[in-house]
$ cat input10.cif   # mmCIF, C-alpha atoms
data_start
loop_
_atom_site.label_atom_id
_atom_site.label_comp_id
_atom_site.auth_asym_id
_atom_site.auth_seq_id
_atom_site.Cartn_x
_atom_site.Cartn_y
_atom_site.Cartn_z
CA MET R 21 -4.05 53.34 -12.27
CA SER R 22 -1.42 54.34 -14.83
CA ASP R 23 1.28 53.38 -12.30
CA LEU R 24 -0.17 49.90 -12.08
CA ILE R 25 -0.25 49.41 -15.85
CA CYS R 26 3.17 50.89 -16.51
CA ASP R 27 4.81 48.78 -13.84
CA ASN R 28 3.08 45.58 -14.94
CA TYR R 29 2.10 45.83 -18.56
CA PRO R 30 0.28 42.47 -18.69
CA MET R 31 -2.30 44.17 -16.45
CA LEU R 32 -3.30 46.14 -19.52
CA LEU R 33 -5.10 42.98 -20.63
CA VAL R 34 -6.85 42.65 -17.30
CA MET R 35 -7.96 46.23 -17.50
CA SER R 36 -9.41 45.94 -20.95
CA ARG R 37 -11.11 42.64 -20.15
CA PHE R 38 -12.92 44.40 -17.35
CA GLY R 39 -14.06 46.88 -19.97
CA ILE R 40 -11.92 49.79 -18.82
CA SER R 41 -10.59 51.89 -21.64
CA MET R 42 -7.49 54.00 -21.68
CA GLY R 43 -7.43 57.73 -21.35
CA PHE R 44 -8.31 57.83 -17.68
CA GLY R 45 -5.86 60.61 -16.87
CA GLU R 46 -4.61 60.88 -13.32
CA LYS R 47 -7.46 58.99 -11.69
CA ASN R 48 -6.64 56.29 -9.20
CA ILE R 49 -7.82 52.70 -9.50
CA LYS R 50 -10.95 53.18 -7.46
CA GLU R 51 -12.04 56.22 -9.44
CA VAL R 52 -11.34 54.57 -12.78
CA CYS R 53 -13.31 51.48 -11.79
CA LYS R 54 -16.16 53.61 -10.58
CA SER R 55 -16.42 55.66 -13.74
CA ASN R 56 -16.39 52.46 -15.82
CA ASN R 57 -18.96 50.68 -13.63
CA VAL R 58 -16.43 48.02 -12.70
CA ASP R 59 -16.48 46.32 -9.33
CA THR R 60 -13.27 47.63 -7.75
CA CYS R 61 -12.92 44.75 -5.34
CA THR R 62 -13.11 42.09 -8.06
CA PHE R 63 -10.71 44.01 -10.25
CA LEU R 64 -8.17 44.33 -7.46
CA THR R 65 -8.59 40.71 -6.44
CA VAL R 66 -7.73 39.57 -9.97
CA VAL R 67 -4.83 42.00 -10.28
CA ASN R 68 -3.34 41.11 -6.91
CA PHE R 69 -3.81 37.46 -7.59
CA LEU R 70 -1.93 37.64 -10.87
CA LEU R 71 0.83 39.81 -9.44
CA ASN R 72 1.33 37.44 -6.56
CA ASP R 73 3.69 34.73 -7.70
CA GLU R 74 2.55 32.01 -5.40
CA HIS R 75 -0.54 30.54 -6.89
CA THR R 76 -2.55 28.70 -4.34
CA ASP R 77 -6.31 28.67 -4.02
CA VAL R 78 -7.71 31.99 -2.91
CA ASP R 79 -8.97 32.34 0.60
CA VAL R 80 -12.65 31.99 -0.26
CA ALA R 81 -13.93 33.09 3.14
CA ARG R 82 -12.13 36.40 2.91
CA LEU R 83 -13.02 36.86 -0.72
CA SER R 84 -16.78 36.45 -0.66
CA GLU R 85 -17.50 39.68 1.19
CA CYS R 86 -17.12 42.05 -1.71
CA PHE R 87 -16.19 39.84 -4.63
CA SER R 88 -18.58 39.75 -7.57
CA MET R 89 -18.89 36.47 -9.44
CA ASP R 90 -20.78 38.17 -12.25
CA ALA R 91 -17.84 40.47 -12.80
CA LEU R 92 -15.41 37.55 -12.79
CA ILE R 93 -17.47 35.61 -15.31
CA SER R 94 -17.64 38.54 -17.66
CA TYR R 95 -13.90 38.94 -17.21
CA LEU R 96 -13.34 35.29 -18.17
CA GLN R 97 -15.69 35.61 -21.14
CA ASN R 98 -13.88 38.66 -22.43
CA SER R 99 -10.67 36.77 -21.97
CA HIS R 100 -12.04 33.91 -24.11
CA THR R 101 -13.09 36.33 -26.81
CA TYR R 102 -9.64 37.82 -26.77
CA PHE R 103 -7.94 34.46 -27.36
CA LEU R 104 -10.40 33.07 -29.87
CA ASP R 105 -11.26 36.13 -31.90
CA PHE R 106 -8.05 38.06 -31.71
CA ARG R 107 -4.96 36.40 -30.30
CA LEU R 108 -4.97 33.03 -32.02
CA PRO R 109 -6.22 34.20 -35.46
CA ASN R 110 -3.61 36.90 -35.35
CA ILE R 111 -0.80 34.47 -34.56
CA ARG R 112 -2.11 32.17 -37.29
CA ARG R 113 -1.99 34.90 -39.92
CA LYS R 114 1.52 35.88 -38.97
CA LEU R 115 2.70 32.30 -38.70
CA ILE R 116 1.48 31.42 -42.19
CA LEU R 117 3.22 34.44 -43.64
CA ALA R 118 6.41 33.61 -41.75
CA ILE R 119 6.62 30.01 -42.92
CA GLU R 120 5.78 30.80 -46.53
CA THR R 121 9.37 30.32 -47.61
CA CYS R 122 9.93 26.92 -46.07
CA PRO R 123 9.16 23.63 -47.91
CA LYS R 124 5.47 23.17 -48.72
CA ASP R 125 4.99 19.96 -46.78
CA VAL R 126 6.52 21.45 -43.62
CA ALA R 127 4.38 24.56 -43.90
CA PHE R 128 1.36 22.33 -44.33
CA VAL R 129 1.94 20.28 -41.18
CA ILE R 130 2.83 23.29 -39.07
CA GLN R 131 -0.37 25.00 -40.15
CA GLN R 132 -2.30 21.81 -39.51
CA PHE R 133 -0.79 21.58 -36.04
CA PHE R 134 -1.76 25.13 -35.28
CA ASP R 135 -5.32 24.71 -36.55
CA GLU R 136 -5.78 21.60 -34.46
CA TYR R 137 -4.49 23.47 -31.48
CA ALA R 138 -6.75 26.46 -32.06
CA ASP R 139 -9.66 24.06 -32.37
CA GLU R 140 -8.79 22.47 -29.03
CA VAL R 141 -8.68 25.86 -27.37
CA PHE R 142 -12.02 26.70 -28.98
CA LYS R 143 -13.63 23.50 -27.64
CA HIS R 144 -12.09 24.04 -24.23
CA MET R 145 -13.47 27.55 -23.96
CA GLN R 146 -16.75 26.68 -25.64
CA TYR R 147 -17.33 24.09 -22.93
CA GLU R 148 -16.88 26.72 -20.28
CA GLU R 149 -19.23 29.11 -22.05
CA LYS R 150 -21.93 26.55 -22.80
CA VAL R 151 -21.79 24.37 -19.70
CA VAL R 152 -19.88 25.90 -16.82
CA PHE R 153 -20.94 29.53 -16.93
CA PRO R 154 -24.71 28.83 -17.30
CA TYR R 155 -24.43 26.42 -14.40
CA VAL R 156 -22.72 29.06 -12.27
CA ARG R 157 -25.29 31.70 -13.22
CA GLY R 158 -27.93 29.27 -11.97
CA LEU R 159 -26.04 28.85 -8.72
CA LEU R 160 -25.89 32.60 -8.26
CA LYS R 161 -29.69 32.65 -8.44
CA GLY R 162 -29.72 29.91 -5.81
CA VAL R 163 -30.67 27.13 -8.24
CA LYS R 164 -28.41 24.10 -8.20
CA ASP R 165 -28.49 21.91 -11.27
CA SER R 166 -28.16 18.45 -9.74
CA ARG R 167 -26.74 16.94 -12.94
CA TYR R 168 -23.57 18.99 -12.72
CA ASN R 169 -21.04 20.15 -10.20
CA ILE R 170 -17.86 22.11 -10.44
CA SER R 171 -15.59 19.21 -9.52
CA ILE R 172 -16.35 17.78 -12.99
CA PHE R 173 -14.90 20.95 -14.42
CA LYS R 174 -12.00 20.84 -12.00
CA LYS R 175 -11.11 17.36 -13.17
CA ARG R 176 -11.34 17.90 -16.89
CA HIS R 177 -9.84 21.36 -16.95
CA ASP R 178 -6.54 20.72 -18.66
CA GLN R 179 -3.64 22.98 -19.36
CA ILE R 180 -4.33 24.37 -22.80
CA GLU R 181 -0.98 26.08 -23.04
CA MET R 182 0.93 22.78 -23.18
CA LYS R 183 0.41 22.21 -26.86
CA ILE R 184 1.43 25.65 -27.95
CA ILE R 185 4.66 25.18 -26.01
CA GLU R 186 5.14 22.13 -28.18
CA LEU R 187 4.68 24.13 -31.37
CA LYS R 188 7.23 26.67 -30.21
CA ASN R 189 9.72 23.89 -29.42
CA LEU R 190 9.11 22.25 -32.79
CA ILE R 191 9.80 25.46 -34.64
CA ILE R 192 12.88 26.30 -32.61
CA LYS R 193 14.36 22.81 -32.83
CA TYR R 194 13.42 21.69 -36.32
CA TYR R 195 12.45 24.64 -38.47
CA PRO R 196 14.19 23.95 -41.78
CA GLY R 197 13.96 27.33 -43.49
CA LYS R 198 15.92 30.48 -43.00
CA GLY R 199 15.01 32.48 -39.92
CA SER R 200 13.36 35.84 -40.35
CA ASP R 201 12.28 38.84 -38.31
CA LEU R 202 8.70 37.82 -38.87
CA LEU R 203 9.29 34.30 -37.59
CA ASN R 204 11.01 35.68 -34.49
CA SER R 205 8.10 37.99 -33.99
CA VAL R 206 5.65 35.07 -34.22
CA LEU R 207 7.69 33.19 -31.65
CA PHE R 208 7.60 36.19 -29.33
CA ASP R 209 3.83 36.26 -29.78
CA ILE R 210 3.63 32.57 -28.96
CA PHE R 211 5.78 33.03 -25.87
CA SER R 212 3.54 35.76 -24.55
CA CYS R 213 0.34 33.99 -25.60
CA GLU R 214 1.55 31.01 -23.59
CA GLN R 215 2.01 33.27 -20.59
CA GLU R 216 -1.42 34.79 -21.06
CA LEU R 217 -3.08 31.39 -21.32
CA ALA R 218 -1.29 30.28 -18.18
CA SER R 219 -2.53 33.35 -16.26
CA HIS R 220 -6.00 32.73 -17.59
CA SER R 221 -5.95 29.13 -16.35
CA ILE R 222 -4.59 30.21 -12.99
CA ILE R 223 -7.58 32.48 -12.46
CA GLU R 224 -9.94 29.68 -13.44
CA ASP R 225 -8.28 27.02 -11.32
CA HIS R 226 -7.41 28.94 -8.20
CA MET R 227 -9.98 31.69 -8.02
CA PHE R 228 -13.04 30.74 -10.04
CA THR R 229 -13.26 27.05 -9.11
CA PRO R 230 -12.71 27.36 -5.33
CA THR R 231 -15.27 30.16 -5.13
CA ILE R 232 -17.83 28.04 -6.97
CA MET R 233 -17.13 25.09 -4.69
CA GLU R 234 -17.83 27.30 -1.71
CA LEU R 235 -21.03 28.51 -3.35
CA GLU R 236 -22.14 24.91 -3.96
CA ARG R 237 -21.45 24.06 -0.34
CA LYS R 238 -23.49 27.02 0.87
CA ILE R 239 -26.46 26.17 -1.32
CA SER R 240 -26.51 22.54 -0.28
CA THR R 241 -26.38 23.41 3.42
CA ASP R 242 -29.17 25.95 2.91
CA HIS R 243 -31.23 23.19 1.35
CA GLU R 244 -30.69 20.89 4.26
CA ARG R 245 -32.04 23.39 6.68
CA MET F 23 26.98 16.34 -3.28
CA ASN F 24 23.37 16.85 -4.04
CA VAL F 25 22.23 13.91 -6.10
CA ASN F 26 18.72 12.54 -6.15
CA LEU F 27 18.89 8.79 -6.13
CA ARG F 28 16.01 6.39 -6.26
CA ILE F 29 16.93 3.17 -4.51
CA ALA F 30 14.85 0.01 -4.37
CA ILE F 31 15.51 -2.62 -1.72
CA ALA F 32 14.38 -6.12 -2.59
CA ASP F 33 14.52 -8.62 0.23
CA PRO F 34 11.90 -10.90 1.73
CA SER F 35 12.63 -9.80 5.30
CA VAL F 36 10.98 -6.65 6.57
CA ILE F 37 13.59 -6.31 9.31
CA ILE F 38 16.42 -6.39 6.80
CA ARG F 39 14.63 -3.98 4.46
CA SER F 40 13.91 -1.47 7.18
CA GLY F 41 17.44 -1.83 8.52
CA VAL F 42 18.98 -1.11 5.13
CA GLU F 43 16.63 1.80 4.59
CA ALA F 44 17.43 3.33 7.97
CA THR F 45 21.16 2.97 7.34
CA LEU F 46 20.88 4.51 3.87
CA LYS F 47 18.95 7.46 5.24
CA ARG F 48 21.79 8.13 7.65
CA ILE F 49 24.11 8.70 4.69
CA SER F 50 23.51 12.40 4.69
CA SER F 51 25.53 13.35 1.61
CA LEU F 52 22.97 11.84 -0.73
CA ARG F 53 19.35 12.71 -1.25
CA ILE F 54 17.68 9.38 -1.68
CA TYR F 55 14.22 7.93 -2.12
CA VAL F 56 13.88 4.39 -0.91
CA ASP F 57 11.26 1.87 -1.95
CA GLU F 58 10.85 -1.59 -0.51
CA ILE F 59 10.00 -4.65 -2.53
CA SER F 60 8.96 -7.70 -0.56
CA GLY F 61 8.11 -10.32 -3.18
CA ALA F 62 9.60 -11.50 -6.47
CA ASP F 63 6.26 -10.97 -8.23
CA ALA F 64 6.20 -7.31 -7.32
CA LEU F 65 9.78 -6.82 -8.53
CA TYR F 66 9.09 -6.78 -12.26
CA GLU F 67 6.05 -4.58 -12.01
CA TYR F 68 7.89 -2.18 -9.78
CA MET F 69 10.96 -2.00 -12.00
CA LYS F 70 8.91 -1.39 -15.12
CA LYS F 71 6.86 1.30 -13.50
CA HIS F 72 9.37 3.20 -11.42
CA GLN F 73 12.74 2.56 -13.04
CA PRO F 74 14.91 3.13 -9.98
CA ASP F 75 18.57 4.13 -10.25
CA VAL F 76 19.90 1.54 -7.86
CA LEU F 77 18.57 -1.85 -6.88
CA ILE F 78 19.82 -3.42 -3.67
CA ILE F 79 18.77 -7.01 -3.92
CA ASN F 80 19.11 -10.29 -2.09
CA PRO F 81 20.53 -12.63 -4.80
CA ALA F 82 18.17 -15.39 -3.69
CA PHE F 83 15.34 -13.08 -4.64
CA LEU F 84 15.96 -13.28 -8.36
CA GLY F 85 15.39 -17.02 -8.59
CA TYR F 86 16.15 -18.27 -12.09
CA TYR F 87 16.25 -14.84 -13.63
CA SER F 88 19.46 -13.03 -14.32
CA LEU F 89 19.99 -9.35 -13.72
CA ALA F 90 20.67 -8.81 -17.40
CA MET F 91 17.23 -10.15 -18.23
CA LEU F 92 15.64 -7.98 -15.58
CA LYS F 93 17.36 -4.88 -16.88
CA GLU F 94 16.42 -5.55 -20.46
CA GLU F 95 12.80 -6.47 -19.87
CA CYS F 96 12.19 -3.50 -17.64
CA GLY F 97 13.97 -1.05 -19.90
CA CYS F 98 16.34 0.17 -17.20
CA SER F 99 19.70 -0.39 -18.86
CA ARG F 100 21.53 2.04 -16.61
CA LEU F 101 20.33 0.41 -13.42
CA LYS F 102 23.05 -0.24 -10.84
CA CYS F 103 22.68 -3.47 -8.91
CA VAL F 104 24.05 -4.14 -5.46
CA ALA F 105 23.89 -7.61 -3.94
CA LEU F 106 22.66 -7.76 -0.38
CA LEU F 107 24.41 -10.63 1.37
CA TYR F 108 23.69 -12.39 4.64
CA ALA F 109 26.72 -14.64 4.36
CA VAL F 110 29.84 -15.13 2.30
CA ALA F 111 28.90 -15.60 -1.32
CA GLU F 112 30.57 -17.26 -4.23
CA HIS F 113 32.52 -14.91 -6.50
CA SER F 114 30.92 -16.06 -9.72
CA LEU F 115 27.52 -15.20 -8.30
CA LEU F 116 28.59 -11.64 -7.62
CA LYS F 117 29.98 -11.02 -11.09
CA GLN F 118 26.78 -9.64 -12.51
CA TYR F 119 26.45 -7.10 -9.69
CA ASP F 120 28.10 -3.68 -9.61
CA ASP F 121 28.91 -4.10 -5.94
CA PHE F 122 27.74 -5.87 -2.82
CA ILE F 123 26.99 -5.02 0.78
CA THR F 124 26.69 -7.48 3.61
CA ILE F 125 24.49 -7.11 6.64
CA TYR F 126 27.66 -6.83 8.75
CA ASP F 127 29.02 -3.79 6.89
CA SER F 128 29.57 -0.67 8.95
CA PRO F 129 27.62 2.48 8.01
CA GLU F 130 30.90 3.97 6.79
CA GLU F 131 31.50 1.06 4.42
CA ILE F 132 27.96 1.18 3.10
CA LYS F 133 28.24 4.90 2.64
CA ASN F 134 31.41 4.54 0.58
CA LYS F 135 29.93 1.84 -1.60
CA ILE F 136 26.73 3.73 -2.28
CA GLU F 137 28.62 6.91 -3.04
CA LYS F 138 30.83 5.05 -5.47
CA ILE F 139 27.77 3.59 -7.17
CA SER F 140 26.09 6.97 -7.29
CA ASN F 141 29.17 8.53 -8.91
CA GLN F 142 29.31 5.83 -11.54
CA TYR F 143 25.63 6.30 -12.18
CA GLU F 144 26.01 10.05 -12.63
CA VAL F 145 28.96 9.68 -14.98
CA GLU F 146 27.13 7.20 -17.17
CA LYS F 147 24.04 9.33 -17.14
CA THR F 148 25.89 12.38 -18.44
CA GLU F 149 27.60 10.25 -21.07
CA GLY F 150 24.22 8.96 -22.09
CA GLU F 151 22.71 12.41 -22.37
CA ASP F 152 23.90 12.92 -25.96
CA GLU F 153 22.12 9.77 -26.95
CA LEU F 154 19.04 11.05 -25.17
CA GLN F 155 18.13 13.61 -27.81
CA THR F 156 18.16 11.47 -30.92
CA LEU F 157 15.79 8.61 -31.56
CA SER F 158 16.79 5.01 -32.12
CA VAL F 159 15.84 3.25 -35.35
CA ARG F 160 13.03 1.45 -33.58
CA GLU F 161 11.72 4.65 -32.08
CA ARG F 162 11.72 6.28 -35.49
CA GLU F 163 9.69 3.39 -36.89
CA ILE F 164 7.20 3.92 -34.13
CA VAL F 165 7.00 7.65 -34.81
CA VAL F 166 6.12 6.87 -38.43
CA CYS F 167 3.37 4.49 -37.32
CA VAL F 168 1.92 7.00 -34.88
CA VAL F 169 1.93 9.68 -37.54
CA LYS F 170 0.10 7.35 -39.92
CA GLY F 171 -2.59 7.13 -37.28
CA LEU F 172 -2.05 3.55 -36.11
CA THR F 173 -3.15 2.57 -32.62
CA ASN F 174 -0.68 1.11 -30.12
CA ARG F 175 -2.12 -2.33 -30.77
CA GLU F 176 -1.71 -2.01 -34.54
CA ILE F 177 1.85 -0.77 -34.11
CA ALA F 178 2.62 -3.74 -31.87
CA GLU F 179 1.29 -6.16 -34.49
CA GLN F 180 3.08 -4.54 -37.36
CA LEU F 181 6.47 -4.38 -35.65
CA TYR F 182 6.10 -7.70 -33.78
CA LEU F 183 6.34 -6.06 -30.36
CA SER F 184 4.23 -6.34 -27.25
CA ALA F 185 1.75 -3.52 -26.67
CA HIS F 186 3.60 -2.77 -23.47
CA THR F 187 6.89 -2.27 -25.30
CA VAL F 188 5.20 0.10 -27.73
CA ILE F 189 3.94 2.18 -24.81
CA THR F 190 7.42 2.26 -23.27
CA HIS F 191 8.89 3.38 -26.60
CA ARG F 192 6.26 6.07 -26.94
CA ARG F 193 7.02 7.32 -23.48
CA ASN F 194 10.73 7.49 -24.31
CA ILE F 195 10.00 9.31 -27.56
CA ALA F 196 7.90 11.89 -25.75
CA ARG F 197 10.66 12.34 -23.19
CA LYS F 198 13.44 12.71 -25.72
CA LEU F 199 11.64 15.05 -28.07
CA GLN F 200 9.38 16.82 -25.59
CA ILE F 201 6.55 16.19 -28.03
CA HIS F 202 3.43 14.66 -26.55
CA SER F 203 0.81 14.87 -29.28
CA ALA F 204 0.39 12.95 -32.51
CA SER F 205 0.15 16.17 -34.51
CA GLY F 206 3.43 17.31 -32.97
CA LEU F 207 5.07 14.08 -34.06
CA THR F 208 3.69 14.67 -37.56
CA VAL F 209 5.57 17.93 -37.75
CA TYR F 210 8.68 16.19 -36.42
CA ALA F 211 8.38 13.36 -38.95
CA ILE F 212 7.88 15.67 -41.94
CA VAL F 213 10.68 18.03 -40.99
CA ASN F 214 13.08 15.14 -40.45
CA LYS F 215 11.90 13.43 -43.62
CA LEU F 216 10.81 10.24 -41.89
CA ILE F 217 7.64 10.29 -43.95
CA GLU F 218 6.13 11.95 -47.01
CA LEU F 219 3.11 14.16 -46.78
CA ASP F 220 1.22 11.83 -49.17
CA ASP F 221 1.62 8.92 -46.76
CA ILE F 222 -0.38 10.76 -44.15
CA LYS F 223 -3.08 12.21 -46.33
CA LYS F 224 -4.20 8.78 -47.53
#

$ encode --input "input10.cif" --output "structure tokens"
Amino acid sequence: MSDLICDNYPMLLVMSRFGISMGFGEKNIKEVCKSNNVDTCTFLTVVNFLLNDEHTDVDVARLSECFSMDALISYLQNSHTYFLDFRLPNIRRKLILAIETCPKDVAFVIQQFFDEYADEVFKHMQYEEKVVFPYVRGLLKGVKDSRYNISIFKKRHDQIEMKIIELKNLIIKYYPGKGSDLLNSVLFDIFSCEQELASHSIIEDHMFTPTIMELERKISTDHER
Amino acid sequence: MNVNLRIAIADPSVIIRSGVEATLKRISSLRIYVDEISGADALYEYMKKHQPDVLIINPAFLGYYSLAMLKEECGCSRLKCVALLYAVAEHSLLKQYDDFITIYDSPEEIKNKIEKISNQYEVEKTEGEDELQTLSVREREIVVCVVKGLTNREIAEQLYLSAHTVITHRRNIARKLQIHSASGLTVYAIVNKLIELDDIKK
């Protein structure tokens, strides 16, 4: 397990979102998962998927054998909590400190831009929590809510990292004040946050959604019988 | 050479269009995308929407319009125009074109002409790249309007433009600045002093 994390440090996030804490000693992945009550297959599927550069839809047929949707949902929820309760507020705090020295009006609009962005991310994730996940939990129990289907989600699921890329570009291209270590550090945070959001979306678009579509198909054919 | 060129062929005859397309595709040094336009009505819509790099057009196709008008109305100022001739044409007619090909040209001749056009296009494009980053006066006016929260329709009324032109300008602004949201433009406008903070808060 430690080899995996040291070679690919973004996997640290995956690990903690699955609820695995550090301090696992020399145990291998399977043992660590087992002692943390984590579904090894789901964990490995997510890890391999993120490490694989080509992001196409997962092979659902091969996946369904051992893959746990419950585990994936709790992974996604933890990931949401991470962005909303930790990552974005943290960047905001640092950003405000970093732009303190630049003209008041510029600081104001940058902060406003960021808050609007954070609000968009909140709504985006809130929608998943309030609408999509409950729907999927229903599906897992074999109940299909006829008013909804996952293709609605597929269609409206936009790339939330686009706007933060814009903020980064705005700061780099137009920031009027003197640069500082803190500002650089905020930019580094934004760069990596962008990457994290992209990985998060990839899981949702290419692993979560196709699996749900397959589940929907199964349930509707069961009904026809 | 490894240039991507979008070429539109405008001619009423499907045989001629397909013939030109097949010949162009044989010119292996260029990577080209070819679109066919069969009617004069479709021409304007196509040009506005797709903005090709080169237009190969039968002069009879244009009717009363001039190429200059076409270029201006469709916002493709860098468009290269090649006349497609069935017979010998008057010199004055050809003046507004960058070059011409006739249906009796050999593949080699056509190849040379298209390559020449493509080179010119590339050169002008690189020259134009500096201009690409900064906004024109008109574009800046539009940024200010967007930041004030005006809709496209309101902007059109205020600046005496068509709604379509406003949309084209907005697309160009987004392309030049890589800013796609209104709140992003607000930051741009404040930083570049196009607007005061008080103007927005109202």

$ interface_residues --input "input10.cif" --of "chain R" --to "chain F" --cutoff "12 Å" --atoms "only C-alpha atoms" --output "number ranges by chain"
R: 122-137, 182-197

$ resolve_selection --input "input10.cif" --expression "the PyMOL selection byres ((chain R and resi 56-69) around 9)" --output "PyMOL selection string"
chain R and resi 31+34-35+38-41+49-55+70-75+78+83+86-89+91-92+223+227

$ residues_around --input "input10.cif" --residues "Tyr55 in chain F" --least-positions-apart "3" --cutoff "7 Å" --atoms "all atoms listed in the file" --output "PDB file with C-alpha atoms, keeping the file's coordinate frame"
ATOM      1  CA  LEU F  27      18.890   8.790  -6.130  1.00  0.00           C
ATOM      2  CA  ARG F  28      16.010   6.390  -6.260  1.00  0.00           C
ATOM      3  CA  ILE F  29      16.930   3.170  -4.510  1.00  0.00           C
TER       4      ILE F  29
END

$ residues_around --input "input10.cif" --residues "range 204-217 of chain R" --least-positions-apart "4" --cutoff "7 Å" --atoms "all atoms listed in the file" --output "PyMOL selection string"
chain R and resi 111+114-115+181+184+188+200+221

$ atom_distance --input "input10.cif" --atom1 "CA of Ile116 in chain R" --atom2 "CA of Tyr102 in chain R"
20.1 Å

$ resolve_selection --input "input10.cif" --expression "the PyMOL selection byres ((chain F and resi 79-92) around 7)" --output "MDAnalysis selection string"
chainID F and resid 31:33 62 77:78 93:96 104:107 118

$ closest_residue --input "input10.cif" --among "R:Tyr95, R:Phe103, R:Tyr147, R:Tyr29" --to "His177 in chain R" --atoms "only C-alpha atoms"
R:Tyr147

$ atom_distance --input "input10.cif" --atom1 "CA of Tyr68 in chain F" --atom2 "CA of Glu176 in chain F"
26.6 Å

$ resolve_selection --input "input10.cif" --expression "the PyMOL selection byres ((chain R and resi 155) around 12)" --output "number ranges by chain"
R: 93, 147-154, 156-170, 172-173, 232, 235-236
